[in-house]
Amino acid sequence: MHDMTAHAAAHHAPPQGFIRKYVFSVDHKVIGIQYTTLGLVSAFIGMALSWAMRIHLAWPAASIPFLGTLSPNGAPGGVPTPEYYLSLMTMHGTIMAFFLLTAAPMAGYGNFMLPIHVGAADMAFPRLNMASFWVTFVGFVLACATFFIPDGPPLSGWTAYAPLSAVGPVAGPGQGWGQNLWGLSIALFCVASLLGALNFIVTTIDLRTKGMTLSRLPLATWAWFINAWVSLLAFAVLLPTCLLLVLDRLGGTSFFIPGGLVVNDKVLPHSGGSPLLFQHLFWFFGHPEVYIIILPAFGIVAHVMPTFTRKPLVGGWKVITYAMAAIGGLSFVVWGHHMFVSGMSPYMAMVFSVPTLIITIPSVIAVLVFAFSLYGANMRFSTPMLFCLGFISLFISGGIGGFFLAQPAVDSYLHATSFVVGHFHFTMGLSAVFAAFAGFYYWFPKMWGRMMNETLGKIHFWLSFVLVYCVFMTLHLMGLTGSVRRYSQFVADFMVPLTPTNKFITIAALLLGATQFIFLFNVIWSRFKGPKAADNPWHATTLEWDTTSPPPFDNFGGRQMTVYHGPMEYDGDAFVMQTSTEKSIAGT
Amino acid sequence: MPGKVFAVVVVIVTLAIAYCVIAHVWWMPVDISVHGPNIDRQIEETLFGAGILFIAGQLVLAAFSFLYGDSKGTRKMKSFPGGAKPLIIFACVVVGIEILVLSFVGSKAWGSVYFTPPDPSSVRIDVQAGQFAFYFRYPGPDGKFGPLHPELISEGTQNFFGLDTDHDPDSKDDIVTAQLAIPVNKPVLLTLHSKDMGHSFDVRELRVQQDFVPGIVIPIHFTATQTGRFEIVCTQLCGLGHYNMKAYIQVLSQPDYDNWLKQQAAMQ
Amino acid sequence: MSESELTMATGHEVLMEASPYHIEKKKLGMWVFIVSDACTFATFLFGYGYMRVGSQNWGTLFEFSSILNGIIMTFVLLSSSLTMLAAVRATQAGQKASANKWLGLTMLLGTVFAILHLREWVKMIGEGWRLFYNPMGGAAQFGACFFSVTGLHLTHVISGVIALGFVARGYNQGRYDESHVETAGLYWHFVDLVWMFVFPLMYLMNAR
């Protein structure tokens, strides 16, 4: 230990050469940008897939441009077959849930910002960090590769329920190598997430600069820290689940496949496994996963909002942090609410219903903290603030759906309807994306040294906000009729009359997608042509605004940061940086 | 200005959603089961309770962004009186009460379906789901289902269940159909089993949705209160034909049901 | 360049906020890894338990000779934990030669464990055991559970031996210090601890 103090203030020299600098870089900022870019690419791929699905649902005979070229078998003439529709759906869920929503707000922004937030020069294990990204990247490539193999991508949904996902090619197109690649891709993603979580935890605990006590951590960093613990435990369960699934598929085991299954009049050579075991293991990961997605969103909003309301959050750092920790902890005991109608014991359904309802209490506290922090504020309506407000509204709307789906009696009607689709898109989808947008517009000046265009940002917000409601609230309401999800066509008698509703949703979804190109244009244009950003354009207090935009290689140019205040020292135009020796003005 | 616009947009969205729910623009189909009213009441109570929270939440958000959305720069900051304490108390008390009420009432609705044993005089029907069709089996006059032999299942010989009518006496009079018919106002006990993948048995009007899980047999029971013909759809992703996997359930008067059963027996 | 040279060193009271648990970052990283790896093992064992409880014809199949082999393996692995402890002590006392001796002994014991275990595997595979086949007529799940759980553990042991080799080499060349050896020791004890779950659950519960 003692001989290491010699290195304490010594910063590593910046690497030379394009590859070491931008590709296989150990710099957390480069890795953060790599993850963020991967998230952006995933977002647009996922969105294109959802476009194809929505067009097919509204106009089943319509030929979808490019789809016929991408897969002549799956979409002859551009019209997706029912199985290809399911493949599109599976990959939409997989790419969005893992490579956008899990990766970008946590690994993307977190990698860039967390070491700076705590005043460190880099992550605790920079090379491990680089490995995380590249393992994620290989996982992403494997997932995308499924589009280019003869059978196409798997069709068993992002939940990959066994035995559909476990028995191999007899289950349908894409269930051969498509599903194998999917399993490997997700297993790699788990490994990368575990390494990332480990790095986040150690960095937060051990690399905080002088004065950066836990109570002075920026709230986004608190969220990433809590989230790293949730990831660490959840992905450690998904990884063996994927391995067992791959063993069932390639090793001939029967963990998830019961005996006596008959496909195409042939008895499968498996016996003794249990599909419910898969569901338990998957959802033991799967429910924490939705909180893994939303907790960084909470953190980003808690971090960004005080900058624009110019006052601390109600209850200071403690209330929101405790709420996030409670959500993270409770998320591990609620997974059974995905399985109310799946043949699990009905008594177990009651056991899982109660904690699921209880988890709404910390969630409501978090939302109330956000909403009541607006009280008496002097709001500055920059784009990030608008997205924060949008987040609050969307999260209220989405969270309300939780009251329904947490109750087995109600769920037995609403299960597998488009109500569920609307619910999870509101909560873990669009709420998280709105928070991610808030973070993107907020941190863009720091990450690339240029300001984004405010007018385009505001147009992006208003159109997105209204259209999100048009798409996903309509899905909620349509779900009340019992409209079933995961259908490639509306052929059930009671679903045929819903076709006009479906067309409305499709048009809104297409417009919502088109709106995102305004964002993309804004990103690319601002990256090269935007006005140069000042070091602290938002008049914020945390350490990332205490260095240049973008920060130098060692983050603070050799300065040793010392922290004297919490992150929310705002009082109108006045604010006190965390490193300032001035007197506190907000008492945080 | 943006604060006021945001407030107006949120209010319009909230009112539009509230209108759609109150005016039943999209709504549940009429219920035809004995336990259904419990579930409907539970859904409506949740809509009411959660709806109030939803409207209140959105209106508070709208009000604050309306009132505090114009930065006058020099205006003195105000904090919410009492800090976070009233919010935490509100969340714990109001949401807590709502949770308690929903759990207690909800457990009744759930219990009315799942915690009651089936009536011993129930009409027993065996349901098999496979890619991508449902088949139904009535025990016939002997009241006994014959054993299943997966290796005998064959679409070609129309032996959907894998019955061995040559060797199993119980199987001889089993009636296998592609449509489900049940008598009205009589308790029905379905035993669900799947021959291949996960499937689900969903009849919206009956307020019954239950997954088929390969490897286990899952019983469900209910009593229909109205005659008519309703759709059974699969709601658990089961493969490429999932969207088109459906059958019909006919709720018949007792004489009609008896006749129907006779006809089906003759067709075996 | 070692990891510590790439970053600011930790545990320096003047520059860094004190770690709440005063754990140095490599060690903390290893603890965090152990938490996550424990979850992974727990998942495998949960799957095994689920299979076993759900099976009607599980059967008990280990002869006394297998159990004896298991007891020897347990003894070997437990001893290797002791020698690891001695190695850590020696590095902390700066006794390089002694540390090398103990590290070498630990690796040797780990290798003996792996050989004994692989011998068991070869014997079982020779008897017809497969991931999907049970030559004794009981539940086919046993092969799947046994090979996957012990396979995962064996992978940990073998990678542990290799990792110890790297750490020992780095220590001798002066690139690594006693904290690296201690961190490697943490991992080794964890692998040992996991075996204390695997042995009773996989062997003793299936003894004839």
# chains A, B, ... in the order shown; residues from 1 in each chain; ligands from 1
$ residues_around --residues "stretch 123-130 of chain C" --least-positions-apart "4" --cutoff "8 Å" --atoms "only C-alpha atoms" --output "PyMOL selection string"
chain C and resi 119+134-135+143-144
$ write_last_selection --atoms "N, CA and C atoms" --output "PDB file, in the first residue's frame"
ATOM      1  N   ARG C 119     -10.901 -37.172 -12.788  1.00  0.00           N
ATOM      2  CA  ARG C 119     -10.899 -38.633 -12.796  1.00  0.00           C
ATOM      3  C   ARG C 119     -12.313 -39.145 -12.546  1.00  0.00           C
ATOM      4  N   ASN C 134     -28.989 -40.899 -17.962  1.00  0.00           N
ATOM      5  CA  ASN C 134     -28.692 -41.473 -16.662  1.00  0.00           C
ATOM      6  C   ASN C 134     -28.639 -42.989 -16.812  1.00  0.00           C
ATOM      7  N   PRO C 135     -27.446 -43.593 -16.785  1.00  0.00           N
ATOM      8  CA  PRO C 135     -27.346 -45.033 -17.041  1.00  0.00           C
ATOM      9  C   PRO C 135     -27.969 -45.868 -15.930  1.00  0.00           C
ATOM     10  N   GLY C 143     -27.401 -36.030 -14.376  1.00  0.00           N
ATOM     11  CA  GLY C 143     -26.190 -35.767 -15.152  1.00  0.00           C
ATOM     12  C   GLY C 143     -26.049 -34.287 -15.458  1.00  0.00           C
ATOM     13  N   ALA C 144     -27.163 -33.679 -15.903  1.00  0.00           N
ATOM     14  CA  ALA C 144     -27.125 -32.259 -16.257  1.00  0.00           C
ATOM     15  C   ALA C 144     -26.727 -31.423 -15.054  1.00  0.00           C
TER      16      ALA C 144
END
$ select_by_dssp --residues "stretch 39-76 of chain A" --states "helix (DSSP H, G or I)" --output "list in words"
Gly39, Leu40, Val41, Ser42, Ala43, Phe44, Ile45, Gly46, Met47, Ala48, Leu49, Ser50, Trp51, Ala52, Met53, Arg54, Ile55, His56, Leu57, Ala58, Leu67, Gly68, Thr69, Leu70 and Pro76 of chain A
$ closest_residue --among "C:Ser55, C:Leu201, C:Ala114, C:Leu164" --to "chain B" --atoms "only C-alpha atoms"
C:Ser55
$ closest_residue --among "C:Val32, C:Met202, C:Trp188, C:Val181" --to "C:Gly94" --atoms "only C-alpha atoms"
C:Val181
$ residues_around --residues "stretch 207-213 of chain B" --least-positions-apart "6" --cutoff "6 Å" --atoms "only C-alpha atoms" --output "PDB file with C-alpha atoms, in the first residue's frame"
ATOM      1  CA  VAL A 341     -51.568 -16.498 -14.766  1.00  0.00           C
ATOM      2  CA  SER A 342     -48.635 -18.760 -15.559  1.00  0.00           C
ATOM      3  CA  SER A 412     -55.917 -12.022 -14.985  1.00  0.00           C
ATOM      4  CA  TYR A 413     -57.945  -9.810 -17.317  1.00  0.00           C
TER       5      TYR A 413
ATOM      6  CA  GLY B  36     -66.588 -11.946 -13.373  1.00  0.00           C
ATOM      7  CA  LEU B 192     -55.386 -27.419 -19.177  1.00  0.00           C
ATOM      8  CA  HIS B 193     -52.375 -29.179 -20.582  1.00  0.00           C
ATOM      9  CA  SER B 194     -50.086 -28.342 -23.439  1.00  0.00           C
ATOM     10  CA  GLY B 198     -46.569 -22.429 -23.505  1.00  0.00           C
ATOM     11  CA  HIS B 199     -50.030 -21.258 -24.536  1.00  0.00           C
ATOM     12  CA  SER B 200     -52.873 -19.474 -22.832  1.00  0.00           C
ATOM     13  CA  PHE B 201     -56.611 -19.909 -22.533  1.00  0.00           C
TER      14      PHE B 201
END
$ closest_atom_pairs --of "stretch 12-126 of chain B" --to "stretch 171-177 of chain B" --cutoff "12 Å" --atoms "only C-alpha atoms" --output "tab-separated table"
residue	atom	partner	partner_atom	distance
B:Arg124	CA	B:Asp174	CA	11.7
B:Ile125	CA	B:Ile175	CA	9.8
B:Asp126	CA	B:Val176	CA	9.2
$ write_last_selection --atoms "C-alpha atoms" --output "JSON list (two decimals), in the first residue's frame"
[["chain", "number", "residue", "atom", "x", "y", "z"],
["B", 124, "ARG", "CA", -65.20, -31.82, -16.58],
["B", 125, "ILE", "CA", -63.47, -31.05, -19.84],
["B", 126, "ASP", "CA", -59.86, -31.67, -20.76]]
$ interface_residues --of "chain A" --to "chain C" --cutoff "8 Å" --atoms "only C-alpha atoms" --output "VMD selection string"
chain A and resid 1 4 to 5 7 to 12 120 to 127 194 198 to 199 201 to 203 205 to 213 232 to 233 236 to 237 239 to 241 251 to 255 270 to 274 277 281 560
$ residues_around --residues "C:Arg208" --least-positions-apart "2" --cutoff "10 Å" --atoms "only C-alpha atoms" --output "mmCIF file with C-alpha atoms, in the first residue's frame"
data_model
loop_
_atom_site.group_PDB
_atom_site.id
_atom_site.type_symbol
_atom_site.label_atom_id
_atom_site.label_comp_id
_atom_site.auth_asym_id
_atom_site.auth_seq_id
_atom_site.Cartn_x
_atom_site.Cartn_y
_atom_site.Cartn_z
ATOM 1 C CA GLY C 59 -32.451 -41.918 -6.978
ATOM 2 C CA THR C 60 -29.290 -42.094 -4.914
ATOM 3 C CA LEU C 61 -26.355 -43.124 -6.949
ATOM 4 C CA PHE C 62 -22.981 -42.353 -5.378
ATOM 5 C CA GLU C 63 -21.145 -45.412 -4.134
ATOM 6 C CA PHE C 64 -18.972 -45.126 -1.057
ATOM 7 C CA ILE C 67 -17.977 -40.257 -1.504
ATOM 8 C CA TYR C 203 -22.454 -35.769 -3.267
ATOM 9 C CA LEU C 204 -23.727 -36.425 0.234
ATOM 10 C CA MET C 205 -27.379 -35.897 -0.644
ATOM 11 C CA ASN C 206 -27.021 -38.395 -3.472
#
$ atom_distance --atom1 "atom CA of A:Ala104" --atom2 "atom CA of A:His117"
17.4 Å
$ residues_around --residues "C:Leu85" --least-positions-apart "5" --cutoff "9 Å" --atoms "only C-alpha atoms" --output "list of chain:residue names"
C:Ser80, C:Ala90, C:Trp102, C:Glu182, C:Gly185, C:His189
$ closest_residue --among "A:Met379, A:Phe140, A:Ala166, A:Pro258" --to "A:Gly39" --atoms "only C-alpha atoms"
A:Phe140
$ closest_residue --among "A:Ala107, A:Val290, A:Ala297, A:Met89" --to "chain B" --atoms "only C-alpha atoms"
A:Met89
$ residues_around --residues "C:Ala97" --least-positions-apart "4" --cutoff "12 Å" --atoms "only C-alpha atoms" --output "list in words"
Ala87, Ala90, Thr91, Ala93, Lys101, Trp102, Leu103, Gly104, Ala168, Tyr171 and Asn172 of chain C
$ atom_distance --atom1 "atom CA of B:Ala181" --atom2 "atom CA of B:Val251"
5.8 Å
$ closest_residue --among "B:Ile52, B:Ala23, B:Val34, B:Leu61" --to "chain A" --atoms "only C-alpha atoms"
B:Leu61
$ residues_around --residues "stretch 117-119 of chain B" --least-positions-apart "6" --cutoff "10 Å" --atoms "only C-alpha atoms" --output "ChimeraX atom specification"
/B:186-190,219-222
$ atom_distance --atom1 "atom CA of C:Val53" --atom2 "atom CA of A:Met348"
17.6 Å
